[in-house]
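Data file: my_file.cif. Format and content: mmCIF, C-alpha atoms.
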```cif
data_my_file
#
loop_
_atom_site.label_atom_id
_atom_site.label_comp_id
_atom_site.auth_asym_id
_atom_site.auth_seq_id
_atom_site.Cartn_x
_atom_site.Cartn_y
_atom_site.Cartn_z
CA MET B 1 -5.58 -104.05 3.60
CA ASN B 2 -5.31 -101.99 0.47
CA LYS B 3 -8.65 -100.43 1.20
CA ILE B 4 -7.55 -99.47 4.70
CA SER B 5 -4.33 -98.03 3.38
CA GLY B 6 -6.23 -95.92 0.92
CA LEU B 7 -8.44 -94.55 3.63
CA LEU B 8 -5.42 -93.69 5.74
CA ILE B 9 -3.75 -91.92 2.87
CA ALA B 10 -6.91 -89.91 2.17
CA ALA B 11 -7.21 -88.98 5.81
CA MET B 12 -3.63 -87.84 5.98
CA ALA B 13 -4.05 -85.77 2.85
CA ALA B 14 -7.12 -84.13 4.23
CA ALA B 15 -5.32 -83.35 7.46
CA ALA B 16 -2.51 -81.80 5.53
CA LEU B 17 -4.90 -79.53 3.63
CA LEU B 18 -6.63 -78.26 6.79
CA PRO B 19 -3.91 -75.75 7.80
CA LEU B 20 -3.76 -74.45 4.24
CA THR B 21 -7.50 -74.05 4.09
CA ALA B 22 -7.60 -72.37 7.49
CA THR B 23 -4.79 -70.05 6.50
CA ALA B 24 -6.56 -69.17 3.26
CA GLN B 25 -9.75 -68.46 5.16
CA ILE B 26 -7.92 -66.28 7.69
CA GLN B 27 -6.15 -64.35 4.96
CA ASP B 28 -9.34 -64.04 2.98
CA THR B 29 -10.96 -62.28 5.91
CA LYS B 30 -8.24 -59.65 5.56
CA ASN B 31 -8.53 -59.32 1.78
CA GLN B 32 -12.04 -60.29 0.88
CA GLY B 33 -12.31 -61.10 -2.81
CA TYR B 34 -8.77 -62.51 -3.45
CA LEU B 35 -7.33 -66.02 -3.18
CA LEU B 36 -4.21 -66.10 -0.97
CA ASP B 37 -1.48 -68.67 -0.43
CA GLN B 38 -0.15 -69.94 2.95
CA ARG B 39 2.17 -66.98 3.29
CA GLY B 40 -0.63 -64.52 2.70
CA GLY B 41 0.44 -63.74 -0.83
CA PHE B 42 -1.92 -63.38 -3.74
CA VAL B 43 -2.44 -66.52 -5.83
CA THR B 44 -1.95 -65.67 -9.48
CA ASN B 45 -2.46 -67.49 -12.78
CA ALA B 46 0.02 -67.99 -15.64
CA SER B 47 -0.63 -64.39 -16.77
CA VAL B 48 0.30 -63.12 -13.29
CA GLN B 49 -3.26 -62.10 -12.59
CA CYS B 50 -4.76 -62.42 -9.14
CA TRP B 51 -7.54 -64.89 -8.60
CA HIS B 52 -10.81 -63.31 -7.55
CA THR B 53 -13.16 -65.06 -5.19
CA GLY B 54 -16.91 -64.81 -5.30
CA ASP B 55 -16.80 -61.97 -2.77
CA TRP B 56 -14.74 -59.68 -4.99
CA THR B 57 -16.23 -56.33 -5.95
CA PRO B 58 -14.56 -53.22 -7.41
CA ALA B 59 -14.91 -51.62 -4.03
CA ARG B 60 -12.56 -54.31 -2.57
CA ALA B 61 -9.88 -53.85 -5.21
CA VAL B 62 -6.33 -53.66 -3.92
CA GLU B 63 -3.00 -53.13 -5.60
CA PRO B 64 -1.06 -54.72 -7.26
CA CYS B 65 -3.87 -57.03 -8.31
CA ASP B 66 -6.25 -54.38 -9.46
CA PRO B 67 -5.92 -50.64 -9.96
CA VAL B 68 -7.48 -48.76 -7.10
CA ILE B 69 -9.70 -45.84 -7.96
CA LYS B 70 -8.35 -43.06 -5.80
CA GLN B 71 -10.81 -40.43 -4.76
CA VAL B 72 -9.36 -36.97 -4.83
CA ALA B 73 -10.84 -34.76 -2.20
CA THR B 74 -12.23 -31.60 -3.72
CA VAL B 75 -11.31 -28.59 -1.69
CA VAL B 76 -14.13 -26.13 -1.76
CA PRO B 77 -12.88 -22.71 -0.74
CA ALA B 78 -14.79 -21.13 2.04
CA PRO B 79 -17.12 -18.47 0.76
CA ARG B 80 -15.62 -15.02 1.02
CA PRO B 81 -17.58 -12.63 3.13
CA ALA B 82 -19.48 -10.17 1.08
CA GLU B 83 -17.42 -7.10 0.47
CA VAL B 84 -19.13 -4.10 1.93
CA VAL B 85 -18.37 -0.97 0.02
CA ALA B 86 -18.72 1.90 2.38
CA ALA B 87 -20.55 4.73 0.76
CA ALA B 88 -18.78 8.05 0.88
CA PRO B 89 -20.27 10.10 3.68
CA VAL B 90 -22.47 12.90 2.48
CA VAL B 91 -21.16 16.10 3.91
CA VAL B 92 -24.00 18.45 4.59
CA PRO B 93 -22.71 21.94 5.22
CA ALA B 94 -23.92 23.36 8.46
CA PRO B 95 -26.32 26.24 7.98
CA VAL B 96 -24.61 29.56 8.47
CA ALA B 97 -26.39 31.71 10.96
CA VAL B 98 -26.76 35.25 9.68
CA VAL B 99 -27.29 38.16 12.02
CA PRO B 100 -28.11 41.79 11.24
CA MET B 101 -25.14 44.13 11.29
CA THR B 102 -24.91 47.86 11.67
CA GLN B 103 -21.58 49.63 11.44
CA LYS B 104 -21.30 53.35 11.94
CA THR B 105 -18.23 55.45 11.20
CA SER B 106 -18.01 59.13 12.05
CA PHE B 107 -15.67 61.32 9.98
CA SER B 108 -14.52 64.69 11.21
CA GLY B 109 -15.90 67.42 8.98
CA ASP B 110 -12.67 69.36 9.37
CA ALA B 111 -10.69 66.32 8.16
CA LEU B 112 -12.88 65.92 5.08
CA PHE B 113 -13.53 69.56 4.18
CA ALA B 114 -12.11 73.01 4.66
CA PHE B 115 -14.06 75.22 7.03
CA ASP B 116 -17.46 76.15 5.60
CA LYS B 117 -16.78 74.16 2.41
CA SER B 118 -18.26 71.01 0.85
CA VAL B 119 -15.43 69.97 -1.50
CA LEU B 120 -13.45 66.94 -0.29
CA LYS B 121 -9.82 67.55 0.55
CA PRO B 122 -7.18 65.02 -0.66
CA GLU B 123 -6.69 63.75 2.87
CA GLY B 124 -10.46 63.40 3.15
CA GLN B 125 -10.51 61.22 0.03
CA THR B 126 -7.80 59.00 1.54
CA MET B 127 -9.93 58.47 4.62
CA LEU B 128 -12.90 57.46 2.45
CA ASP B 129 -10.73 54.99 0.51
CA ASP B 130 -10.44 52.92 3.68
CA LEU B 131 -14.24 52.90 3.94
CA VAL B 132 -14.51 51.72 0.33
CA GLN B 133 -12.33 48.72 1.16
CA GLN B 134 -14.61 47.82 4.07
CA LEU B 135 -17.67 47.99 1.83
CA LYS B 136 -16.07 45.66 -0.72
CA GLY B 137 -15.56 42.98 1.90
CA ALA B 138 -19.00 43.26 3.49
CA THR B 139 -22.55 42.23 2.69
CA TYR B 140 -24.49 45.44 3.06
CA ASP B 141 -28.00 46.54 2.17
CA THR B 142 -27.86 50.29 2.63
CA VAL B 143 -25.27 52.95 3.31
CA LEU B 144 -26.60 56.08 4.97
CA VAL B 145 -24.44 59.22 4.72
CA THR B 146 -25.49 62.02 7.10
CA GLY B 147 -23.92 65.47 7.19
CA HIS B 148 -23.85 67.64 10.35
CA THR B 149 -22.76 71.23 11.05
CA ASP B 150 -22.15 73.37 14.11
CA ARG B 151 -24.52 76.09 15.30
CA LEU B 152 -22.62 78.97 13.68
CA GLY B 153 -24.68 80.51 10.87
CA SER B 154 -28.39 80.28 10.13
CA ASN B 155 -30.37 77.08 10.36
CA ALA B 156 -31.21 77.18 6.65
CA TYR B 157 -27.60 77.71 5.64
CA ASN B 158 -26.35 74.95 7.91
CA GLN B 159 -28.98 72.58 6.54
CA LYS B 160 -27.89 73.14 2.98
CA LEU B 161 -24.19 72.87 3.92
CA SER B 162 -24.77 69.52 5.66
CA GLU B 163 -26.66 68.21 2.61
CA ARG B 164 -23.90 69.27 0.20
CA ARG B 165 -21.23 67.61 2.34
CA ALA B 166 -23.23 64.36 2.54
CA GLN B 167 -23.72 64.41 -1.24
CA SER B 168 -19.99 64.95 -1.80
CA VAL B 169 -19.22 61.83 0.25
CA LYS B 170 -21.83 59.82 -1.66
CA ASP B 171 -20.48 60.94 -5.03
CA TYR B 172 -17.00 59.88 -4.04
CA LEU B 173 -18.16 56.43 -2.93
CA VAL B 174 -20.03 55.97 -6.21
CA SER B 175 -16.87 56.94 -8.12
CA LYS B 176 -15.21 54.00 -6.33
CA ASN B 177 -17.84 51.55 -7.63
CA VAL B 178 -20.03 51.49 -4.53
CA GLN B 179 -23.60 50.93 -5.75
CA ALA B 180 -25.35 54.28 -5.95
CA GLY B 181 -28.79 52.70 -5.42
CA ARG B 182 -27.77 51.58 -1.95
CA ILE B 183 -26.43 54.94 -0.77
CA ASP B 184 -28.73 57.52 0.80
CA ALA B 185 -27.35 61.03 1.51
CA GLN B 186 -29.04 63.43 3.87
CA GLY B 187 -28.26 66.52 5.96
CA LYS B 188 -29.20 67.25 9.56
CA GLY B 189 -27.75 70.75 9.78
CA GLU B 190 -27.15 71.78 13.38
CA THR B 191 -30.02 69.72 14.84
CA GLU B 192 -27.93 66.88 16.27
CA PRO B 193 -24.81 68.40 17.87
CA ALA B 194 -22.17 66.19 19.49
CA THR B 195 -21.28 68.84 22.05
CA LYS B 196 -23.34 69.17 25.23
CA PRO B 197 -25.70 72.10 25.83
CA GLY B 198 -23.89 75.04 27.42
CA GLU B 199 -20.54 74.15 25.94
CA CYS B 200 -18.72 76.38 23.48
CA ARG B 201 -20.56 79.55 24.46
CA GLY B 202 -19.99 82.86 22.75
CA ALA B 203 -19.97 84.31 19.28
CA GLN B 204 -17.92 83.00 16.40
CA SER B 205 -14.22 83.01 17.24
CA VAL B 206 -11.20 80.80 16.80
CA LYS B 207 -11.78 79.36 20.23
CA VAL B 208 -15.49 78.71 19.68
CA ILE B 209 -14.87 77.23 16.23
CA ALA B 210 -12.33 74.80 17.74
CA CYS B 211 -14.72 73.91 20.55
CA LEU B 212 -17.54 73.16 18.11
CA GLN B 213 -15.35 70.90 15.98
CA PRO B 214 -17.13 67.62 17.08
CA ASP B 215 -20.41 69.01 15.70
CA ARG B 216 -18.95 69.32 12.21
CA ARG B 217 -18.92 65.73 11.01
CA VAL B 218 -20.21 63.24 8.44
CA ASP B 219 -21.58 59.91 9.73
CA VAL B 220 -21.57 56.85 7.47
CA GLU B 221 -23.79 54.03 8.72
CA MET B 222 -23.71 50.69 6.92
CA THR B 223 -26.60 48.23 7.48
CA GLY B 224 -26.37 44.63 6.30
CA THR B 225 -25.74 41.09 7.51
CA LYS B 226 -22.80 38.97 8.62
CA ALA B 227 -22.22 35.35 9.60
CA ALA B 228 -22.63 34.68 13.29
CA GLY B 229 -19.24 34.64 14.98
CA GLY B 230 -17.61 36.50 12.08
CA THR B 231 -15.64 39.67 12.41
CA GLN B 232 -17.04 42.98 11.46
#
```
So that I can check it, write out the structure of this file as C-alpha coordinates.
Amino acid sequence: MNKISGLLIAAMAAAALLPLTATAQIQDTKNQGYLLDQRGGFVTNASVQCWHTGDWTPARAVEPCDPVIKQVATVVPAPRPAEVVAAAPVVVPAPVAVVPMTQKTSFSGDALFAFDKSVLKPEGQTMLDDLVQQLKGATYDTVLVTGHTDRLGSNAYNQKLSERRAQSVKDYLVSKNVQAGRIDAQGKGETEPATKPGECRGAQSVKVIACLQPDRRVDVEMTGTKAAGGTQ
(Lines of atoms letter the chains of each structure in order from A and count residues from 1; the text may use other names and numbers.)
(Lines give C-alpha, C1' and ligand atoms only; values in the text may rest on other atoms or scores of the structure.)
Protein backbone atom coordinates (compact mmCIF):
# COMPACT_ATOMS: atom_id res chain seq x y z
CA MET A 1 0.00 0.00 0.00
CA ASN A 2 2.82 2.34 0.83
CA LYS A 3 4.52 1.45 -2.40
CA ILE A 4 1.39 2.21 -4.39
CA SER A 5 0.95 5.50 -2.59
CA GLY A 6 4.49 6.47 -3.42
CA LEU A 7 3.95 5.73 -7.07
CA LEU A 8 0.80 7.82 -7.09
CA ILE A 9 2.55 10.72 -5.45
CA ALA A 10 5.38 10.55 -7.98
CA ALA A 11 2.93 10.43 -10.83
CA MET A 12 1.04 13.42 -9.54
CA ALA A 13 4.25 15.36 -9.11
CA ALA A 14 5.32 14.56 -12.61
CA ALA A 15 1.95 15.66 -13.95
CA ALA A 16 2.26 18.90 -12.09
CA LEU A 17 5.67 19.60 -13.62
CA LEU A 18 4.49 18.99 -17.20
CA PRO A 19 2.77 22.38 -17.68
CA LEU A 20 5.80 24.14 -16.23
CA THR A 21 8.14 22.27 -18.50
CA ALA A 22 5.94 22.90 -21.53
CA THR A 23 5.70 26.57 -20.67
CA ALA A 24 9.46 26.80 -20.26
CA GLN A 25 9.96 25.11 -23.60
CA ILE A 26 7.47 27.45 -25.30
CA GLN A 27 9.10 30.50 -23.77
CA ASP A 28 12.53 29.21 -24.60
CA THR A 29 11.59 29.10 -28.26
CA LYS A 30 10.97 32.84 -28.01
CA ASN A 31 14.19 33.61 -26.12
CA GLN A 32 16.65 30.93 -27.04
CA GLY A 33 19.49 30.81 -24.54
CA TYR A 34 17.64 31.92 -21.34
CA LEU A 35 15.74 29.98 -18.67
CA LEU A 36 12.22 31.37 -18.16
CA ASP A 37 9.60 30.87 -15.46
CA GLN A 38 5.88 30.06 -15.99
CA ARG A 39 5.03 33.70 -16.55
CA GLY A 40 7.69 34.06 -19.19
CA GLY A 41 10.05 35.96 -16.94
CA PHE A 42 13.77 35.37 -16.77
CA VAL A 43 14.92 32.98 -14.04
CA THR A 44 17.72 34.60 -12.09
CA ASN A 45 20.15 33.47 -9.38
CA ALA A 46 20.86 35.08 -6.00
CA SER A 47 23.01 37.72 -7.74
CA VAL A 48 20.07 38.64 -10.00
CA GLN A 49 21.79 37.19 -13.03
CA CYS A 50 19.85 35.42 -15.74
CA TRP A 51 20.39 31.73 -16.24
CA HIS A 52 21.82 30.83 -19.62
CA THR A 53 20.87 27.63 -21.36
CA GLY A 54 23.15 25.62 -23.57
CA ASP A 55 21.80 27.45 -26.63
CA TRP A 56 22.93 30.87 -25.44
CA THR A 57 25.37 32.79 -27.64
CA PRO A 58 26.34 36.48 -27.59
CA ALA A 59 24.28 36.91 -30.70
CA ARG A 60 21.13 35.93 -28.69
CA ALA A 61 21.80 38.37 -25.87
CA VAL A 62 18.82 40.39 -24.72
CA GLU A 63 18.38 43.09 -22.13
CA PRO A 64 18.18 43.30 -19.13
CA CYS A 65 20.03 40.01 -18.80
CA ASP A 66 22.94 40.88 -20.99
CA PRO A 67 24.08 44.10 -22.63
CA VAL A 68 23.18 44.12 -26.29
CA ILE A 69 25.84 45.25 -28.71
CA LYS A 70 24.07 47.83 -30.80
CA GLN A 71 25.30 48.24 -34.32
CA VAL A 72 25.39 51.82 -35.42
CA ALA A 73 24.71 52.20 -39.08
CA THR A 74 27.48 54.12 -40.78
CA VAL A 75 26.10 56.65 -43.17
CA VAL A 76 28.37 56.92 -46.14
CA PRO A 77 27.70 60.16 -47.98
CA ALA A 78 27.00 59.75 -51.62
CA PRO A 79 29.99 60.69 -53.71
CA ARG A 80 29.79 64.22 -54.97
CA PRO A 81 29.84 64.55 -58.70
CA ALA A 82 33.14 65.72 -59.97
CA GLU A 83 33.21 69.46 -60.19
CA VAL A 84 33.77 70.52 -63.74
CA VAL A 85 35.62 73.78 -63.96
CA ALA A 86 34.68 75.39 -67.19
CA ALA A 87 37.69 76.81 -68.89
CA ALA A 88 37.41 80.44 -69.84
CA PRO A 89 36.56 80.65 -73.53
CA VAL A 90 39.44 81.75 -75.66
CA VAL A 91 38.37 84.78 -77.59
CA VAL A 92 40.04 84.81 -80.94
CA PRO A 93 39.67 88.20 -82.57
CA ALA A 94 38.17 87.99 -85.99
CA PRO A 95 40.62 88.91 -88.71
CA VAL A 96 40.09 92.44 -89.92
CA ALA A 97 39.68 92.61 -93.64
CA VAL A 98 41.78 95.39 -95.11
CA VAL A 99 40.96 96.93 -98.45
CA PRO A 100 42.93 99.43 -100.53
CA MET A 101 41.79 103.02 -100.21
CA THR A 102 42.28 106.00 -102.43
CA GLN A 103 41.02 109.41 -101.41
CA LYS A 104 41.38 112.41 -103.66
CA THR A 105 40.75 116.01 -102.67
CA SER A 106 40.86 118.86 -105.15
CA PHE A 107 41.70 122.35 -103.84
CA SER A 108 40.92 125.45 -105.83
CA GLY A 109 44.13 127.17 -106.86
CA ASP A 110 42.47 130.54 -106.35
CA ALA A 111 41.54 129.56 -102.77
CA LEU A 112 45.11 128.50 -101.97
CA PHE A 113 47.08 131.13 -103.88
CA ALA A 114 46.75 134.59 -105.33
CA PHE A 115 46.55 134.73 -109.10
CA ASP A 116 49.83 133.70 -110.72
CA LYS A 117 51.46 133.13 -107.31
CA SER A 118 52.74 130.07 -105.44
CA VAL A 119 52.73 131.36 -101.84
CA LEU A 120 49.90 129.94 -99.71
CA LYS A 121 47.33 132.42 -98.48
CA PRO A 122 46.15 132.23 -94.82
CA GLU A 123 42.79 130.89 -95.90
CA GLY A 124 44.62 128.32 -98.01
CA GLN A 125 46.56 127.15 -94.95
CA THR A 126 43.28 126.75 -93.04
CA MET A 127 41.95 124.51 -95.77
CA LEU A 128 45.08 122.35 -95.60
CA ASP A 129 44.76 122.06 -91.81
CA ASP A 130 41.60 120.03 -92.34
CA LEU A 131 43.54 117.71 -94.64
CA VAL A 132 46.24 117.28 -92.00
CA GLN A 133 43.61 116.07 -89.53
CA GLN A 134 42.39 113.48 -92.04
CA LEU A 135 45.93 112.21 -92.56
CA LYS A 136 46.45 111.80 -88.81
CA GLY A 137 43.43 109.53 -88.54
CA ALA A 138 44.21 107.41 -91.59
CA THR A 139 46.60 104.64 -92.56
CA TYR A 140 48.20 105.93 -95.71
CA ASP A 141 51.17 104.87 -97.81
CA THR A 142 51.66 107.81 -100.14
CA VAL A 143 50.31 111.30 -100.59
CA LEU A 144 50.54 112.66 -104.11
CA VAL A 145 50.29 116.45 -104.53
CA THR A 146 49.71 117.58 -108.13
CA GLY A 147 49.61 121.20 -109.25
CA HIS A 148 47.62 122.36 -112.32
CA THR A 149 47.35 125.70 -114.16
CA ASP A 150 45.12 127.18 -116.85
CA ARG A 151 46.21 127.69 -120.45
CA LEU A 152 47.12 131.36 -120.05
CA GLY A 153 50.88 131.86 -120.44
CA SER A 154 53.50 129.61 -121.99
CA ASN A 155 53.65 125.88 -121.43
CA ALA A 156 57.07 126.14 -119.77
CA TYR A 157 55.94 128.89 -117.41
CA ASN A 158 52.77 127.05 -116.48
CA GLN A 159 54.75 123.88 -115.81
CA LYS A 160 57.07 125.62 -113.40
CA LEU A 161 54.16 127.44 -111.69
CA SER A 162 52.29 124.15 -111.14
CA GLU A 163 55.44 122.56 -109.67
CA ARG A 164 56.02 125.47 -107.27
CA ARG A 165 52.42 125.36 -106.07
CA ALA A 166 52.59 121.59 -105.48
CA GLN A 167 55.84 122.04 -103.55
CA SER A 168 54.30 124.77 -101.39
CA VAL A 169 51.48 122.41 -100.39
CA LYS A 170 53.97 119.64 -99.60
CA ASP A 171 56.13 121.93 -97.48
CA TYR A 172 53.11 122.99 -95.48
CA LEU A 173 52.04 119.40 -94.83
CA VAL A 174 55.57 118.52 -93.69
CA SER A 175 55.51 121.51 -91.31
CA LYS A 176 52.43 119.87 -89.75
CA ASN A 177 54.33 116.62 -89.08
CA VAL A 178 53.13 114.70 -92.13
CA GLN A 179 55.98 112.37 -93.12
CA ALA A 180 57.96 113.98 -95.91
CA GLY A 181 59.10 110.61 -97.28
CA ARG A 182 55.52 109.71 -98.12
CA ILE A 183 54.67 112.91 -99.97
CA ASP A 184 55.38 113.28 -103.68
CA ALA A 185 54.91 116.72 -105.31
CA GLN A 186 54.61 117.17 -109.05
CA GLY A 187 53.29 119.67 -111.59
CA LYS A 188 51.18 119.02 -114.68
CA GLY A 189 51.06 122.59 -115.98
CA GLU A 190 48.14 123.10 -118.35
CA THR A 191 48.11 119.51 -119.68
CA GLU A 192 45.10 118.27 -117.71
CA PRO A 193 42.45 121.02 -117.75
CA ALA A 194 39.13 120.56 -115.94
CA THR A 195 37.27 122.70 -118.47
CA LYS A 196 36.03 121.16 -121.71
CA PRO A 197 37.62 121.94 -125.08
CA GLY A 198 36.08 125.02 -126.67
CA GLU A 199 35.11 126.59 -123.37
CA CYS A 200 36.56 129.86 -122.16
CA ARG A 201 37.62 131.08 -125.59
CA GLY A 202 39.46 134.32 -126.14
CA ALA A 203 42.54 136.10 -124.91
CA GLN A 204 43.31 136.82 -121.28
CA SER A 205 40.56 138.87 -119.68
CA VAL A 206 38.64 139.02 -116.44
CA LYS A 207 35.91 136.92 -117.98
CA VAL A 208 38.29 134.30 -119.40
CA ILE A 209 40.29 134.14 -116.16
CA ALA A 210 37.05 133.48 -114.22
CA CYS A 211 35.99 130.85 -116.73
CA LEU A 212 39.32 129.03 -116.47
CA GLN A 213 39.18 128.94 -112.67
CA PRO A 214 38.52 125.12 -112.46
CA ASP A 215 41.81 124.51 -114.31
CA ARG A 216 43.80 126.26 -111.59
CA ARG A 217 43.83 123.68 -108.82
CA VAL A 218 45.96 121.43 -106.60
CA ASP A 219 44.90 117.78 -106.25
CA VAL A 220 45.92 115.80 -103.17
CA GLU A 221 45.49 112.04 -103.56
CA MET A 222 46.03 109.80 -100.55
CA THR A 223 46.63 106.06 -101.12
CA GLY A 224 46.53 103.59 -98.23
CA THR A 225 44.35 100.97 -96.58
CA LYS A 226 41.28 100.85 -94.35
CA ALA A 227 39.29 98.18 -92.53
CA ALA A 228 36.45 96.74 -94.57
CA GLY A 229 33.19 98.42 -93.62
CA GLY A 230 35.00 101.38 -92.04
CA THR A 231 34.41 104.97 -92.91
CA GLN A 232 36.77 106.90 -95.04
Name every residue that the PyMOL selection byres ((chain B and resi 159-173) around 8) selects in this structure, writing the answer as a PDB file with C-alpha atoms, keeping the file's coordinate frame with chains first and numbers rising.
```
ATOM      1  CA  ASP B 116     -17.460  76.150   5.600  1.00  0.00           C
ATOM      2  CA  LYS B 117     -16.780  74.160   2.410  1.00  0.00           C
ATOM      3  CA  SER B 118     -18.260  71.010   0.850  1.00  0.00           C
ATOM      4  CA  VAL B 119     -15.430  69.970  -1.500  1.00  0.00           C
ATOM      5  CA  LEU B 120     -13.450  66.940  -0.290  1.00  0.00           C
ATOM      6  CA  GLN B 125     -10.510  61.220   0.030  1.00  0.00           C
ATOM      7  CA  LEU B 128     -12.900  57.460   2.450  1.00  0.00           C
ATOM      8  CA  VAL B 132     -14.510  51.720   0.330  1.00  0.00           C
ATOM      9  CA  VAL B 145     -24.440  59.220   4.720  1.00  0.00           C
ATOM     10  CA  THR B 146     -25.490  62.020   7.100  1.00  0.00           C
ATOM     11  CA  GLY B 147     -23.920  65.470   7.190  1.00  0.00           C
ATOM     12  CA  HIS B 148     -23.850  67.640  10.350  1.00  0.00           C
ATOM     13  CA  THR B 149     -22.760  71.230  11.050  1.00  0.00           C
ATOM     14  CA  ASN B 155     -30.370  77.080  10.360  1.00  0.00           C
ATOM     15  CA  ALA B 156     -31.210  77.180   6.650  1.00  0.00           C
ATOM     16  CA  TYR B 157     -27.600  77.710   5.640  1.00  0.00           C
ATOM     17  CA  ASN B 158     -26.350  74.950   7.910  1.00  0.00           C
ATOM     18  CA  VAL B 174     -20.030  55.970  -6.210  1.00  0.00           C
ATOM     19  CA  SER B 175     -16.870  56.940  -8.120  1.00  0.00           C
ATOM     20  CA  LYS B 176     -15.210  54.000  -6.330  1.00  0.00           C
ATOM     21  CA  ASN B 177     -17.840  51.550  -7.630  1.00  0.00           C
ATOM     22  CA  VAL B 178     -20.030  51.490  -4.530  1.00  0.00           C
ATOM     23  CA  ALA B 180     -25.350  54.280  -5.950  1.00  0.00           C
ATOM     24  CA  ILE B 183     -26.430  54.940  -0.770  1.00  0.00           C
ATOM     25  CA  ASP B 184     -28.730  57.520   0.800  1.00  0.00           C
ATOM     26  CA  ALA B 185     -27.350  61.030   1.510  1.00  0.00           C
ATOM     27  CA  GLN B 186     -29.040  63.430   3.870  1.00  0.00           C
ATOM     28  CA  GLY B 187     -28.260  66.520   5.960  1.00  0.00           C
ATOM     29  CA  LYS B 188     -29.200  67.250   9.560  1.00  0.00           C
ATOM     30  CA  GLY B 189     -27.750  70.750   9.780  1.00  0.00           C
ATOM     31  CA  GLU B 190     -27.150  71.780  13.380  1.00  0.00           C
ATOM     32  CA  VAL B 218     -20.210  63.240   8.440  1.00  0.00           C
TER      33      VAL B 218
END
```
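What separates atom CA of B:Gly198 from atom CA of B:Ser106 is a distance of 22.9 Å.
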Query raised in the report: How many Å lie between atom CA of B:Pro197 and atom CA of B:Gly124, rounded to one decimal?
Result: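 If I compute the distance from atom CA of B:Pro197 to atom CA of B:Gly124, I get 28.7 Å.
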Requested in this report: Taking the file as shown, find all residues satisfying the PyMOL selection byres ((chain B and resi 150) around 7) and write them as a ChimeraX atom specification.
Outcome: /B:149,151-152,190,193,212,215-216
Edge lengths and centre in Å to one decimal, as lines of an AutoDock Vina configuration file, is what I'm after for the box along x, y and z that holds all listed atoms of stretch 152-160 of chain B once 4 Å is added on each side.
```
center_x = -26.9
center_y = 76.5
center_z = 8.3
size_x = 16.6
size_y = 15.9
size_z = 18.7
```
Report summary line: Students should find that atom CA of B:Ala111 and atom CA of B:Gln179 are spaced 24.4 Å
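Proximity to B:Ser154 was assessed for B:Thr191, B:Lys196, B:Asp219, B:Gln134 counting only C-alpha atoms; the smallest distance is recorded for B:Thr191.
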